[in-house]
file my_file-v7.cif (mmCIF, C-alpha atoms)
data_structure
#
loop_
_atom_site.label_atom_id
_atom_site.label_comp_id
_atom_site.auth_asym_id
_atom_site.auth_seq_id
_atom_site.Cartn_x
_atom_site.Cartn_y
_atom_site.Cartn_z
CA MET A 1454 -107.79 34.03 39.65
CA LYS A 1455 -106.86 37.59 39.37
CA ARG A 1456 -106.18 39.28 42.67
CA ALA A 1457 -107.11 42.79 43.36
CA PRO A 1458 -104.07 44.93 44.02
CA ASP A 1459 -105.16 45.65 47.56
CA SER A 1460 -105.34 41.96 48.33
CA VAL A 1461 -101.68 41.45 47.64
CA PRO A 1462 -100.10 40.90 51.04
CA TRP A 1463 -96.74 42.44 49.95
CA ASN A 1464 -96.60 45.13 47.40
CA ASN A 1465 -94.04 44.92 44.60
CA SER A 1466 -91.42 47.13 46.16
CA THR A 1467 -91.59 45.13 49.40
CA ARG A 1468 -91.32 41.93 47.39
CA ILE A 1469 -88.28 43.21 45.52
CA LEU A 1470 -86.72 44.47 48.72
CA CYS A 1471 -87.27 41.21 50.55
CA GLY A 1472 -86.18 39.18 47.56
CA GLY A 1473 -83.06 41.29 47.37
CA VAL A 1474 -82.36 40.84 51.07
CA TRP A 1475 -82.79 37.08 50.87
CA SER A 1476 -80.60 36.92 47.77
CA LEU A 1477 -77.99 38.96 49.52
CA ILE A 1478 -78.11 36.72 52.58
CA ALA A 1479 -77.87 33.67 50.36
CA ILE A 1480 -74.87 35.12 48.54
CA VAL A 1481 -73.16 36.10 51.76
CA LEU A 1482 -73.83 32.70 53.33
CA ALA A 1483 -72.66 30.90 50.23
CA ALA A 1484 -69.57 33.05 50.08
CA GLN A 1485 -68.83 32.56 53.75
CA SER A 1486 -69.26 28.85 53.62
CA GLY A 1487 -67.17 28.68 50.48
CA ASP A 1488 -69.85 26.41 49.13
CA ALA A 1489 -69.23 26.09 45.43
CA ARG A 1490 -72.56 24.32 45.01
CA ALA A 1491 -74.63 27.32 46.04
CA ALA A 1492 -76.21 28.69 42.92
CA PRO A 1493 -75.24 32.32 42.40
CA ALA A 1494 -78.14 34.64 41.72
CA PRO A 1495 -78.02 36.53 38.43
CA GLN A 1496 -77.48 40.23 38.95
CA SER A 1497 -79.95 42.71 37.60
CA LYS A 1498 -78.86 45.21 35.00
CA GLU A 1499 -78.77 47.91 37.65
CA GLU A 1500 -76.77 45.81 40.11
CA LEU A 1501 -74.28 44.93 37.42
CA ALA A 1502 -73.96 48.54 36.31
CA LYS A 1503 -73.23 49.54 39.89
CA ALA A 1504 -70.70 46.73 40.28
CA TRP A 1505 -68.84 47.91 37.16
CA ARG A 1506 -68.95 51.51 38.36
CA ASP A 1507 -67.51 50.43 41.71
CA ILE A 1508 -64.58 48.53 40.24
CA ALA A 1509 -63.88 51.39 37.85
CA THR A 1510 -62.72 53.45 40.82
CA LEU A 1511 -60.01 50.96 41.85
CA PRO A 1512 -56.30 51.67 41.33
CA ASP A 1513 -55.33 51.30 37.70
CA LEU A 1514 -53.62 47.96 37.27
CA TRP A 1515 -55.48 47.53 34.02
CA GLN A 1516 -53.90 49.70 31.33
CA GLY A 1517 -51.21 47.97 29.33
CA THR A 1518 -49.09 45.09 30.57
CA TRP A 1519 -46.43 44.58 33.20
CA GLN A 1520 -42.90 43.44 32.42
CA SER A 1521 -40.73 42.13 35.24
CA VAL A 1522 -37.57 44.12 35.88
CA SER A 1523 -36.49 42.09 38.89
CA PRO A 1524 -34.04 39.21 38.72
CA ILE A 1525 -35.62 35.82 38.17
CA ALA A 1526 -34.42 34.53 41.54
CA ASP A 1527 -35.78 35.91 44.77
CA ASP A 1528 -33.29 37.40 47.14
CA PHE A 1529 -33.28 36.34 50.79
CA PRO A 1530 -31.44 39.29 52.37
CA THR A 1531 -32.30 38.16 55.90
CA PRO A 1532 -31.36 34.55 56.60
CA PRO A 1533 -34.63 32.63 56.97
CA ASP A 1534 -35.36 30.97 60.27
CA TYR A 1535 -35.62 27.43 58.93
CA THR A 1536 -37.30 24.51 60.62
CA PRO A 1537 -34.83 21.72 61.54
CA SER A 1538 -35.79 19.62 58.49
CA ALA A 1539 -35.52 22.59 56.12
CA PHE A 1540 -32.21 23.54 57.69
CA GLU A 1541 -30.87 20.05 57.00
CA TYR A 1542 -32.17 20.25 53.43
CA VAL A 1543 -30.45 23.58 52.82
CA LYS A 1544 -27.23 22.36 54.41
CA ARG A 1545 -27.05 19.39 52.07
CA TYR A 1546 -28.34 21.25 49.02
CA LYS A 1547 -26.29 21.05 45.86
CA PRO A 1548 -27.26 23.51 43.12
CA VAL A 1549 -29.07 21.76 40.30
CA GLU A 1550 -26.83 20.79 37.44
CA ASP A 1551 -29.68 20.93 35.01
CA SER A 1552 -32.64 23.21 34.71
CA PRO A 1553 -35.76 22.43 36.72
CA PHE A 1554 -37.85 23.91 33.93
CA ALA A 1555 -37.71 21.06 31.45
CA ASN A 1556 -40.64 19.65 29.56
CA CYS A 1557 -42.79 22.76 29.56
CA LYS A 1558 -44.25 21.69 32.87
CA PRO A 1559 -46.20 24.48 34.62
CA LEU A 1560 -44.05 26.13 37.25
CA GLY A 1561 -46.91 27.29 39.42
CA LEU A 1562 -46.90 29.90 42.11
CA PRO A 1563 -44.89 31.48 43.54
CA PHE A 1564 -42.13 31.14 40.94
CA VAL A 1565 -44.38 31.75 37.93
CA MET A 1566 -44.47 35.44 38.90
CA ASN A 1567 -40.66 35.59 38.71
CA ILE A 1568 -39.99 34.41 35.18
CA GLY A 1569 -40.24 37.64 33.25
CA GLY A 1570 -39.09 38.04 29.68
CA MET A 1571 -42.73 38.34 28.69
CA PRO A 1572 -45.29 40.62 30.30
CA MET A 1573 -48.39 39.92 32.35
CA LYS A 1574 -51.80 41.52 32.05
CA PHE A 1575 -54.53 42.24 34.62
CA PHE A 1576 -58.20 42.07 33.77
CA GLN A 1577 -61.14 42.51 36.07
CA SER A 1578 -64.83 41.97 36.20
CA PRO A 1579 -67.15 42.23 39.20
CA GLY A 1580 -65.99 39.65 41.74
CA MET A 1581 -62.85 38.58 39.95
CA ILE A 1582 -59.45 39.78 38.85
CA ALA A 1583 -57.63 37.74 36.24
CA LEU A 1584 -53.91 37.89 35.66
CA TYR A 1585 -52.55 36.45 32.42
CA ILE A 1586 -48.90 35.52 32.76
CA GLU A 1587 -47.53 35.20 29.27
CA SER A 1588 -44.26 33.51 30.20
CA SER A 1589 -46.23 30.45 31.22
CA GLY A 1590 -49.35 30.98 29.15
CA MET A 1591 -51.43 30.64 32.33
CA THR A 1592 -54.05 32.89 33.90
CA ARG A 1593 -54.48 33.41 37.61
CA PHE A 1594 -58.04 33.90 38.85
CA ILE A 1595 -58.28 36.06 41.95
CA HIS A 1596 -61.70 36.06 43.60
CA THR A 1597 -62.73 39.44 44.95
CA ASP A 1598 -66.32 38.60 45.88
CA GLY A 1599 -65.67 38.35 49.59
CA ARG A 1600 -65.55 34.56 49.79
CA LEU A 1601 -63.40 32.63 52.22
CA HIS A 1602 -60.96 29.91 51.23
CA SER A 1603 -62.39 26.48 50.58
CA GLU A 1604 -61.99 24.13 53.49
CA ARG A 1605 -60.34 21.56 51.26
CA PRO A 1606 -59.02 23.32 48.16
CA ASN A 1607 -58.01 20.93 45.43
CA PRO A 1608 -54.29 21.27 44.76
CA THR A 1609 -53.41 23.27 41.67
CA TYR A 1610 -50.32 24.96 40.24
CA LEU A 1611 -51.71 28.44 40.81
CA GLY A 1612 -53.63 27.65 44.00
CA GLU A 1613 -56.84 29.25 45.17
CA SER A 1614 -56.47 33.03 45.25
CA ILE A 1615 -58.72 35.42 47.12
CA GLY A 1616 -58.13 39.13 46.92
CA HIS A 1617 -59.29 42.22 48.70
CA TRP A 1618 -58.28 45.87 48.68
CA GLU A 1619 -56.61 47.56 51.62
CA GLY A 1620 -56.61 51.17 50.53
CA ASP A 1621 -54.64 51.23 47.28
CA THR A 1622 -53.11 47.80 47.84
CA LEU A 1623 -54.51 44.60 46.37
CA VAL A 1624 -53.89 41.86 48.91
CA VAL A 1625 -54.01 38.37 47.44
CA ASP A 1626 -54.12 35.34 49.71
CA THR A 1627 -53.41 32.00 48.06
CA THR A 1628 -53.51 28.41 49.29
CA GLY A 1629 -54.14 24.99 47.81
CA PHE A 1630 -50.92 24.35 45.93
CA ALA A 1631 -49.92 21.22 44.07
CA PRO A 1632 -46.98 19.52 45.81
CA ASP A 1633 -44.76 19.98 42.76
CA THR A 1634 -45.09 23.72 42.22
CA LEU A 1635 -41.60 25.14 41.90
CA PHE A 1636 -40.61 26.58 45.25
CA GLN A 1637 -37.54 28.66 46.06
CA MET A 1638 -36.79 28.32 49.76
CA GLY A 1639 -33.60 30.32 49.88
CA LYS A 1640 -30.40 31.37 48.20
CA LEU A 1641 -26.88 30.11 48.67
CA ASP A 1642 -24.22 32.44 49.93
CA LYS A 1643 -22.45 34.13 47.01
CA LYS A 1644 -19.12 33.01 48.45
CA THR A 1645 -20.04 29.38 47.84
CA LEU A 1646 -20.71 29.93 44.14
CA ALA A 1647 -18.34 29.49 41.24
CA GLN A 1648 -16.71 32.76 40.31
CA GLY A 1649 -18.28 34.49 37.36
CA ASP A 1650 -21.15 32.05 37.00
CA PRO A 1651 -23.45 34.00 34.66
CA SER A 1652 -26.53 31.88 35.24
CA PRO A 1653 -29.39 33.88 36.75
CA LEU A 1654 -30.33 30.75 38.63
CA SER A 1655 -26.99 30.24 40.30
CA GLY A 1656 -27.37 29.97 44.04
CA VAL A 1657 -31.10 29.38 43.99
CA ILE A 1658 -32.27 26.76 46.48
CA PHE A 1659 -35.30 24.96 45.15
CA GLY A 1660 -37.00 22.59 47.55
CA PRO A 1661 -40.26 21.03 48.63
CA HIS A 1662 -42.97 23.13 50.21
CA GLY A 1663 -45.48 21.89 52.72
CA PRO A 1664 -49.16 21.07 52.09
CA ASN A 1665 -50.28 24.26 53.83
CA LEU A 1666 -48.12 26.66 51.88
CA ARG A 1667 -49.85 30.02 51.85
CA LEU A 1668 -48.78 33.17 50.03
CA VAL A 1669 -49.87 36.69 50.78
CA GLU A 1670 -49.03 39.08 47.98
CA ARG A 1671 -49.39 42.81 48.37
CA MET A 1672 -49.66 44.51 44.99
CA ARG A 1673 -49.57 48.26 44.66
CA LEU A 1674 -48.64 50.95 42.17
CA ALA A 1675 -45.53 52.88 43.18
CA ASP A 1676 -46.37 55.22 40.30
CA PHE A 1677 -48.13 54.89 36.93
CA LYS A 1678 -45.16 53.04 35.43
CA THR A 1679 -44.27 50.80 38.33
CA LEU A 1680 -46.02 47.93 40.06
CA GLU A 1681 -44.58 46.46 43.23
CA VAL A 1682 -45.48 43.02 44.48
CA GLN A 1683 -44.33 42.00 47.92
CA THR A 1684 -44.87 38.39 48.88
CA THR A 1685 -44.87 36.79 52.31
CA ILE A 1686 -44.50 33.03 52.48
CA TYR A 1687 -46.29 31.07 55.19
CA ASP A 1688 -45.07 27.48 55.42
CA ASP A 1689 -44.32 26.08 58.85
CA THR A 1690 -42.63 23.03 57.38
CA VAL A 1691 -39.94 25.32 55.95
CA PHE A 1692 -39.87 28.58 57.90
CA LYS A 1693 -40.41 28.88 61.65
CA ARG A 1694 -41.81 32.34 61.01
CA PRO A 1695 -43.44 33.64 57.83
CA TYR A 1696 -40.78 34.95 55.46
CA SER A 1697 -41.30 38.33 53.78
CA LEU A 1698 -39.51 38.56 50.45
CA PRO A 1699 -38.27 41.88 49.09
CA SER A 1700 -40.67 43.48 46.62
CA ARG A 1701 -40.50 42.53 42.97
CA ARG A 1702 -40.93 45.28 40.40
CA TYR A 1703 -42.77 45.35 37.10
CA ILE A 1704 -42.89 48.20 34.61
CA ARG A 1705 -45.92 49.15 32.56
CA GLY A 1706 -45.95 49.01 28.79
CA ILE A 1707 -48.90 50.54 26.97
CA GLU A 1708 -47.54 50.29 23.43
CA ARG A 1709 -49.02 47.73 21.04
CA ARG A 1710 -45.74 45.91 21.16
CA ASN A 1711 -46.40 45.15 24.81
CA GLU A 1712 -49.84 43.68 24.35
CA PRO A 1713 -50.24 40.13 25.61
CA GLN A 1714 -49.54 37.34 23.18
CA GLU A 1715 -49.95 33.62 22.89
CA TRP A 1716 -47.32 31.48 24.51
CA ALA A 1717 -47.32 27.86 23.49
CA CYS A 1718 -44.34 26.23 25.05
CA THR A 1719 -44.87 22.82 23.55
CA ASP A 1720 -45.63 23.46 19.90
CA ASN A 1721 -42.18 22.61 18.71
CA ARG A 1722 -39.66 20.93 20.92
CA ASP A 1723 -36.38 21.78 19.35
CA TYR A 1724 -33.18 20.03 20.06
CA LEU A 1725 -29.66 20.96 19.24
CA ASP A 1726 -27.49 17.92 19.67
CA PRO A 1727 -24.63 19.16 21.82
CA THR A 1728 -22.18 16.62 20.47
CA THR A 1729 -22.82 16.97 16.75
CA GLY A 1730 -24.35 20.44 16.53
CA THR A 1731 -27.17 18.90 14.48
CA LEU A 1732 -30.56 20.54 14.79
CA GLU A 1733 -33.64 18.39 15.17
CA TYR A 1734 -37.28 19.25 15.77
CA ASN A 1735 -39.85 17.56 17.93
CA VAL A 1736 -37.45 15.21 19.58
CA LYS A 1737 -39.29 14.71 22.79
CA ASP A 1738 -37.12 12.08 24.39
CA LYS A 1739 -33.96 14.07 23.91
CA ALA A 1740 -35.60 17.34 24.82
CA GLN A 1741 -36.54 15.91 28.18
CA SER A 1742 -32.99 16.15 29.38
CA ARG A 1743 -32.80 19.82 28.54
CA MET B 454 -29.79 50.81 25.52
CA LYS B 455 -27.07 49.90 23.10
CA LEU B 456 -26.56 46.48 21.71
CA SER B 457 -22.86 46.74 21.92
CA ASP B 458 -20.43 44.05 22.93
CA SER B 459 -19.37 45.91 26.00
CA ASN B 460 -22.96 46.08 27.07
CA ARG B 461 -23.30 42.33 26.74
CA LYS B 462 -20.13 41.82 28.69
CA MET B 463 -21.39 44.03 31.46
CA LYS B 464 -24.44 41.87 31.68
CA LEU B 465 -22.30 38.79 31.84
CA THR B 466 -20.36 40.16 34.71
CA GLY B 467 -23.57 40.32 36.57
CA LEU B 468 -24.92 43.84 36.46
CA ILE B 469 -28.27 42.65 35.33
CA VAL B 470 -29.08 39.09 34.78
CA VAL B 471 -32.67 38.98 33.82
CA PHE B 472 -33.96 36.13 31.85
CA ALA B 473 -34.30 36.46 28.19
CA ALA B 474 -37.11 34.25 27.49
CA PHE B 475 -39.09 32.07 28.75
CA CYS B 476 -40.90 29.34 30.20
CA CYS B 477 -40.02 25.85 30.63
CA SER B 478 -37.68 24.50 28.05
CA SER B 479 -36.82 28.03 27.03
CA ILE B 480 -35.40 28.57 30.42
CA ALA B 481 -33.71 25.24 30.12
CA TYR B 482 -32.28 26.50 26.89
CA ALA B 483 -31.12 29.65 28.56
CA HIS B 484 -29.60 27.55 31.27
CA HIS B 485 -27.73 25.50 28.71
CA SER B 486 -26.89 28.42 26.51
CA PHE B 487 -24.58 29.78 29.13
CA ALA B 488 -22.54 26.67 28.61
CA LEU B 489 -23.10 26.27 24.86
CA PHE B 490 -22.62 29.79 23.59
CA ASP B 491 -20.12 32.47 24.44
CA ARG B 492 -22.11 35.65 24.92
CA SER B 493 -18.94 37.70 25.18
CA GLN B 494 -18.09 36.92 21.54
CA LEU B 495 -19.70 38.03 18.29
CA THR B 496 -19.07 36.27 14.99
CA THR B 497 -20.42 37.51 11.66
CA LEU B 498 -21.70 34.96 9.17
CA SER B 499 -22.53 35.71 5.54
CA GLY B 500 -24.70 33.14 3.90
CA THR B 501 -27.93 31.97 2.34
CA VAL B 502 -31.02 31.08 4.33
CA ARG B 503 -31.87 27.39 4.04
CA GLU B 504 -34.63 27.35 6.63
CA TRP B 505 -36.41 29.81 8.88
CA LYS B 506 -38.39 28.05 11.58
CA TRP B 507 -40.81 30.40 13.35
CA ALA B 508 -41.78 28.26 16.31
CA ASN B 509 -41.96 27.97 20.04
CA PRO B 510 -40.16 27.70 22.25
CA HIS B 511 -37.42 28.96 19.92
CA THR B 512 -37.00 30.20 16.41
CA TRP B 513 -34.29 28.61 14.30
CA LEU B 514 -32.42 30.13 11.38
CA THR B 515 -30.44 27.75 9.24
CA VAL B 516 -27.85 29.45 7.07
CA VAL B 517 -25.47 27.96 4.50
CA VAL B 518 -22.11 29.66 4.58
CA ARG B 519 -19.59 29.32 1.75
CA LYS B 520 -16.18 29.10 3.29
CA ALA B 521 -12.94 30.50 1.90
CA ASP B 522 -11.97 27.06 0.61
CA GLY B 523 -15.14 26.90 -1.49
CA THR B 524 -16.98 24.35 0.64
CA ASP B 525 -20.42 24.96 2.12
CA GLU B 526 -21.16 24.74 5.81
CA GLU B 527 -24.59 24.68 7.43
CA TRP B 528 -25.11 26.73 10.58
CA ALA B 529 -28.02 26.22 12.98
CA LEU B 530 -28.80 29.44 14.85
CA VAL B 531 -31.23 29.59 17.72
CA GLY B 532 -33.34 32.68 18.38
CA SER B 533 -35.83 33.83 20.99
CA SER B 534 -39.47 32.80 20.94
CA PRO B 535 -41.82 34.42 18.39
CA ASN B 536 -43.75 36.48 20.93
CA MET B 537 -40.55 38.08 22.21
CA MET B 538 -39.31 38.70 18.68
CA ILE B 539 -42.59 40.29 17.62
CA ARG B 540 -42.15 42.81 20.45
CA TRP B 541 -38.78 43.66 18.98
CA GLY B 542 -40.13 44.27 15.50
CA TRP B 543 -39.76 40.86 13.89
CA ASN B 544 -42.30 39.30 11.60
CA ALA B 545 -42.38 35.66 10.56
CA ALA B 546 -42.36 36.78 6.92
CA ASP B 547 -39.23 38.90 7.26
CA ILE B 548 -36.88 36.09 6.35
CA LYS B 549 -37.31 33.83 3.33
CA VAL B 550 -35.48 30.77 2.11
CA GLY B 551 -32.81 31.85 -0.34
CA ASP B 552 -32.26 35.28 1.24
CA LYS B 553 -28.65 36.40 1.39
CA VAL B 554 -28.13 37.52 4.94
CA MET B 555 -25.43 38.60 7.31
CA VAL B 556 -25.86 37.48 10.88
CA ASP B 557 -24.08 38.39 14.06
CA ILE B 558 -24.12 35.44 16.42
CA HIS B 559 -22.76 34.37 19.73
CA PRO B 560 -20.66 31.38 18.70
CA ALA B 561 -20.49 28.01 20.40
CA ARG B 562 -17.70 27.70 22.91
CA ASP B 563 -16.51 24.51 21.26
CA GLY B 564 -16.32 25.85 17.71
CA LYS B 565 -19.24 23.88 16.25
CA ALA B 566 -21.33 25.41 13.47
CA ILE B 567 -24.06 26.53 15.82
CA GLY B 568 -24.83 29.88 17.40
CA GLU B 569 -27.23 32.12 19.24
CA LEU B 570 -28.83 34.83 17.12
CA HIS B 571 -27.80 38.36 17.97
CA THR B 572 -28.60 40.54 14.94
CA VAL B 573 -29.77 39.74 11.41
CA PHE B 574 -29.02 42.06 8.45
CA LEU B 575 -31.52 41.44 5.67
CA PRO B 576 -30.92 42.05 1.96
CA GLY B 577 -33.28 45.07 1.87
CA GLY B 578 -31.37 46.79 4.64
CA LYS B 579 -33.69 45.83 7.49
CA VAL B 580 -31.91 45.06 10.75
CA LEU B 581 -33.46 42.80 13.37
CA ALA B 582 -32.04 42.31 16.84
CA ASP B 583 -32.81 39.30 18.97
CA PRO B 584 -34.17 40.28 22.39
CA GLY B 585 -32.46 37.33 24.09
CA GLY B 586 -30.54 38.25 27.22
CA GLN B 587 -31.95 41.75 27.45
CA SER B 588 -33.20 43.42 30.62
CA GLY B 589 -36.89 43.81 31.42
CA GLU B 590 -36.60 47.53 30.70
CA ALA B 591 -35.17 46.83 27.24
CA LEU B 592 -37.76 44.15 26.53
CA ALA B 593 -40.60 46.55 27.37
CA GLY B 594 -38.91 49.51 25.68
CA GLY B 595 -38.09 47.79 22.40
CA PRO B 596 -34.79 47.83 20.52
CA SER B 597 -32.80 51.00 20.19
CA ASP B 598 -29.52 52.01 18.60
CA LEU B 599 -29.60 49.14 16.15
CA PRO B 600 -26.29 48.68 14.38
CA THR B 601 -26.30 49.44 10.66
CA LYS B 602 -23.67 46.87 9.84
CA PRO B 603 -22.37 43.63 11.39
CA GLN B 604 -20.15 44.04 14.40
CA GLY B 605 -18.71 40.57 14.81
CA ILE B 606 -15.49 39.00 13.67
CA PRO B 607 -16.09 37.78 10.10
CA TYR B 608 -16.21 34.00 9.82
CA GLN B 609 -14.06 32.74 6.96
#

call {"tool": "encode", "arguments": {"input": "my_file-v7.cif", "output": "structure tokens"}}
result
Amino acid sequence: MKRAPDSVPWNNSTRILCGGVWSLIAIVLAAQSGDARAAPAPQSKEELAKAWRDIATLPDLWQGTWQSVSPIADDFPTPPDYTPSAFEYVKRYKPVEDSPFANCKPLGLPFVMNIGGMPMKFFQSPGMIALYIESSGMTRFIHTDGRLHSERPNPTYLGESIGHWEGDTLVVDTTGFAPDTLFQMGKLDKKTLAQGDPSPLSGVIFGPHGPNLRLVERMRLADFKTLEVQTTIYDDTVFKRPYSLPSRRYIRGIERRNEPQEWACTDNRDYLDPTTGTLEYNVKDKAQSR
Amino acid sequence: MKLSDSNRKMKLTGLIVVFAAFCCSSIAYAHHSFALFDRSQLTTLSGTVREWKWANPHTWLTVVVRKADGTDEEWALVGSSPNMMIRWGWNAADIKVGDKVMVDIHPARDGKAIGELHTVFLPGGKVLADPGGQSGEALAGGPSDLPTKPQGIPYQ
């Protein structure tokens, strides 16, 4: 039955308005509850256009790529206030004889940001910033849709990242880490190291982090060429108080040469037999000790 | 920045120690390379390419060198990963089996016929420098002041 226009209890604009309000409430509630099951509502063309216009005004992390110019190891200029168990661990720590990076295993946060050698690239779309880190071939997904952390995030190498802007600074809060993400908890005193050790990893103390490890990264442009990322580590199984690391620096490259590329760590395990000097390919068992 | 020996030595003494490559086993390689190869030394090889393996996590150049006594010796030379080399002007097709090349390498500390690629001088005059061991600034900036001729001690 066709209704006369005047019999419609809500006119179209009211309907759209109310529908919009309910959608908004649903989105906000879903975001606040961190409920991944809540079905997101498709955005209209206009809403999407506005969302793109809004993110277009954000500080420019997007042009080109970012190459690390900081040393691979974090510095701990102020001695951390360790918990008793972490203090014992550090006291007994012997620098690793072999590399902890064998087997192309994902490093995970926070150390994945430290590797360098290859650049990283930011992308964004409404509600999300993605950060491709070439040196591990992994992409971080940073939610910027206002959600809260999941109550029980499943452990992953890159964790669950939620970002928001404080002025010109992107603040990224991350939790939900796999127990075996590579974690630097300090640095040995230079005096204890072998003289002239050229390894960039000399003195690094790797150790276990707790289940509630949380990172807060503050990312901001110092100038067009320079990105600074300052990370604070929250882990009460390791540090009595959150530890603020010195900023790491990345420089921008906009040339084609600096565009992101594929990184496939595992496509050809090579192996140079240290005793014979013989070169072999795809020797997995031997490569595992590298 | 210059790719001179003194520059390399400065790096070794700890001015800048930024990683050359790398994820995972590459880093492991870098870790081991400090023990395997002497980055303060440059040796120049003249030889014929037997194999050029463009692969991750490392490229490998195999060169046959004819020694002064007339015998042939095979050298296995490890290079950076393809993505890093591409940024420094390399192309997989630059080197072909049978090419006569001169190569500056960091030799093994123990004298074995292995090395870490430093610079390759191709028959057509093209010069390619390996980005391994360079600073982040140099990696982003690309190679500069490439040598026109080998700078190492000739291997006999």

call {"tool": "closest_residue", "arguments": {"input": "my_file-v7.cif", "among": "B:Val554, B:Ala508, B:Leu495, B:Leu575", "to": "chain A", "atoms": "all atoms listed in the file"}}
result
B:Ala508

call {"tool": "residues_around", "arguments": {"input": "my_file-v7.cif", "residues": "His571 in chain B", "least_positions_apart": "4", "cutoff": "12 Å", "atoms": "all atoms listed in the file", "output": "MDAnalysis selection string"}}
result
chainID B and resid 456:458 461 490:498 514 530:533 538 555:560 580:587 599:600 603:605

call {"tool": "closest_residue", "arguments": {"input": "my_file-v7.cif", "among": "B:Val518, B:Ala561, B:Val550, B:Ile606", "to": "chain A", "atoms": "all atoms listed in the file"}}
result
B:Ala561

call {"tool": "resolve_selection", "arguments": {"input": "my_file-v7.cif", "expression": "the PyMOL selection byres ((chain A and resi 1580-1586) around 9)", "output": "ChimeraX atom specification"}}
result
/A:1504,1565-1566,1569,1571-1579,1587-1599,1615-1616,1713

call {"tool": "residues_around", "arguments": {"input": "my_file-v7.cif", "residues": "range 1531-1542 of chain A", "least_positions_apart": "5", "cutoff": "6 Å", "atoms": "all atoms listed in the file", "output": "CSV table (one decimal) with C-alpha atoms, keeping the file's coordinate frame"}}
result
chain,number,residue,atom,x,y,z
A,1691,VAL,CA,-39.9,25.3,56.0
A,1692,PHE,CA,-39.9,28.6,57.9
A,1693,LYS,CA,-40.4,28.9,61.6

call {"tool": "resolve_selection", "arguments": {"input": "my_file-v7.cif", "expression": "the PyMOL selection byres ((chain A and resi 1633-1641) around 6)", "output": "JSON, numbers by chain"}}
result
{"A": [1560, 1561, 1610, 1631, 1632, 1642, 1656, 1657, 1658, 1659, 1660]}

call {"tool": "atom_distance", "arguments": {"input": "my_file-v7.cif", "atom1": "CA of Phe1564 in chain A", "atom2": "CA of Arg1705 in chain A"}}
result
20.2 Å

call {"tool": "closest_residue", "arguments": {"input": "my_file-v7.cif", "among": "B:Glu590, B:Asp547, B:Asp552, B:Glu527", "to": "chain A", "atoms": "all atoms listed in the file"}}
result
B:Glu590

call {"tool": "axis_aligned_box", "arguments": {"input": "my_file-v7.cif", "around": "range 592-602 of chain B", "padding_each_side": "5 Å", "output": "JSON"}}
result
{"center_x": -32.1, "center_y": 48.1, "center_z": 18.6, "size_x": 26.9, "size_y": 17.9, "size_z": 27.5}

call {"tool": "atom_distance", "arguments": {"input": "my_file-v7.cif", "atom1": "CA of Pro1563 in chain A", "atom2": "CA of Ile539 in chain B"}}
result
27.5 Å

call {"tool": "closest_residue", "arguments": {"input": "my_file-v7.cif", "among": "B:Ser499, B:Thr524, B:Ser588, B:Thr572", "to": "chain A", "atoms": "all atoms listed in the file"}}
result
B:Ser588

call {"tool": "resolve_selection", "arguments": {"input": "my_file-v7.cif", "expression": "the PyMOL selection byres ((chain A and resi 1675) around 12)", "output": "list in words"}}
result
Pro1512, Asp1513, Leu1514, Asp1621, Thr1622, Arg1671, Met1672, Arg1673, Leu1674, Asp1676, Phe1677, Lys1678, Thr1679, Leu1680, Glu1681, Val1682, Gln1683, Ser1700, Arg1701, Arg1702, Tyr1703, Ile1704 and Arg1705 of chain A

call {"tool": "residues_around", "arguments": {"input": "my_file-v7.cif", "residues": "Thr1628 in chain A", "least_positions_apart": "3", "cutoff": "12 Å", "atoms": "only C-alpha atoms", "output": "PyMOL selection string"}}
result
chain A and resi 1561-1563+1595+1601-1616+1625+1631-1632+1634+1662-1670+1686-1688

call {"tool": "write_last_selection", "arguments": {"input": "my_file-v7.cif", "atoms": "C-alpha atoms", "output": "compact mmCIF listing (two decimals), keeping the file's coordinate frame"}}
result
# COMPACT_ATOMS: atom_id res chain seq x y z
CA GLY A 1561 -46.91 27.29 39.42
CA LEU A 1562 -46.90 29.90 42.11
CA PRO A 1563 -44.89 31.48 43.54
CA ILE A 1595 -58.28 36.06 41.95
CA LEU A 1601 -63.40 32.63 52.22
CA HIS A 1602 -60.96 29.91 51.23
CA SER A 1603 -62.39 26.48 50.58
CA GLU A 1604 -61.99 24.13 53.49
CA ARG A 1605 -60.34 21.56 51.26
CA PRO A 1606 -59.02 23.32 48.16
CA ASN A 1607 -58.01 20.93 45.43
CA PRO A 1608 -54.29 21.27 44.76
CA THR A 1609 -53.41 23.27 41.67
CA TYR A 1610 -50.32 24.96 40.24
CA LEU A 1611 -51.71 28.44 40.81
CA GLY A 1612 -53.63 27.65 44.00
CA GLU A 1613 -56.84 29.25 45.17
CA SER A 1614 -56.47 33.03 45.25
CA ILE A 1615 -58.72 35.42 47.12
CA GLY A 1616 -58.13 39.13 46.92
CA VAL A 1625 -54.01 38.37 47.44
CA ALA A 1631 -49.92 21.22 44.07
CA PRO A 1632 -46.98 19.52 45.81
CA THR A 1634 -45.09 23.72 42.22
CA HIS A 1662 -42.97 23.13 50.21
CA GLY A 1663 -45.48 21.89 52.72
CA PRO A 1664 -49.16 21.07 52.09
CA ASN A 1665 -50.28 24.26 53.83
CA LEU A 1666 -48.12 26.66 51.88
CA ARG A 1667 -49.85 30.02 51.85
CA LEU A 1668 -48.78 33.17 50.03
CA VAL A 1669 -49.87 36.69 50.78
CA GLU A 1670 -49.03 39.08 47.98
CA ILE A 1686 -44.50 33.03 52.48
CA TYR A 1687 -46.29 31.07 55.19
CA ASP A 1688 -45.07 27.48 55.42
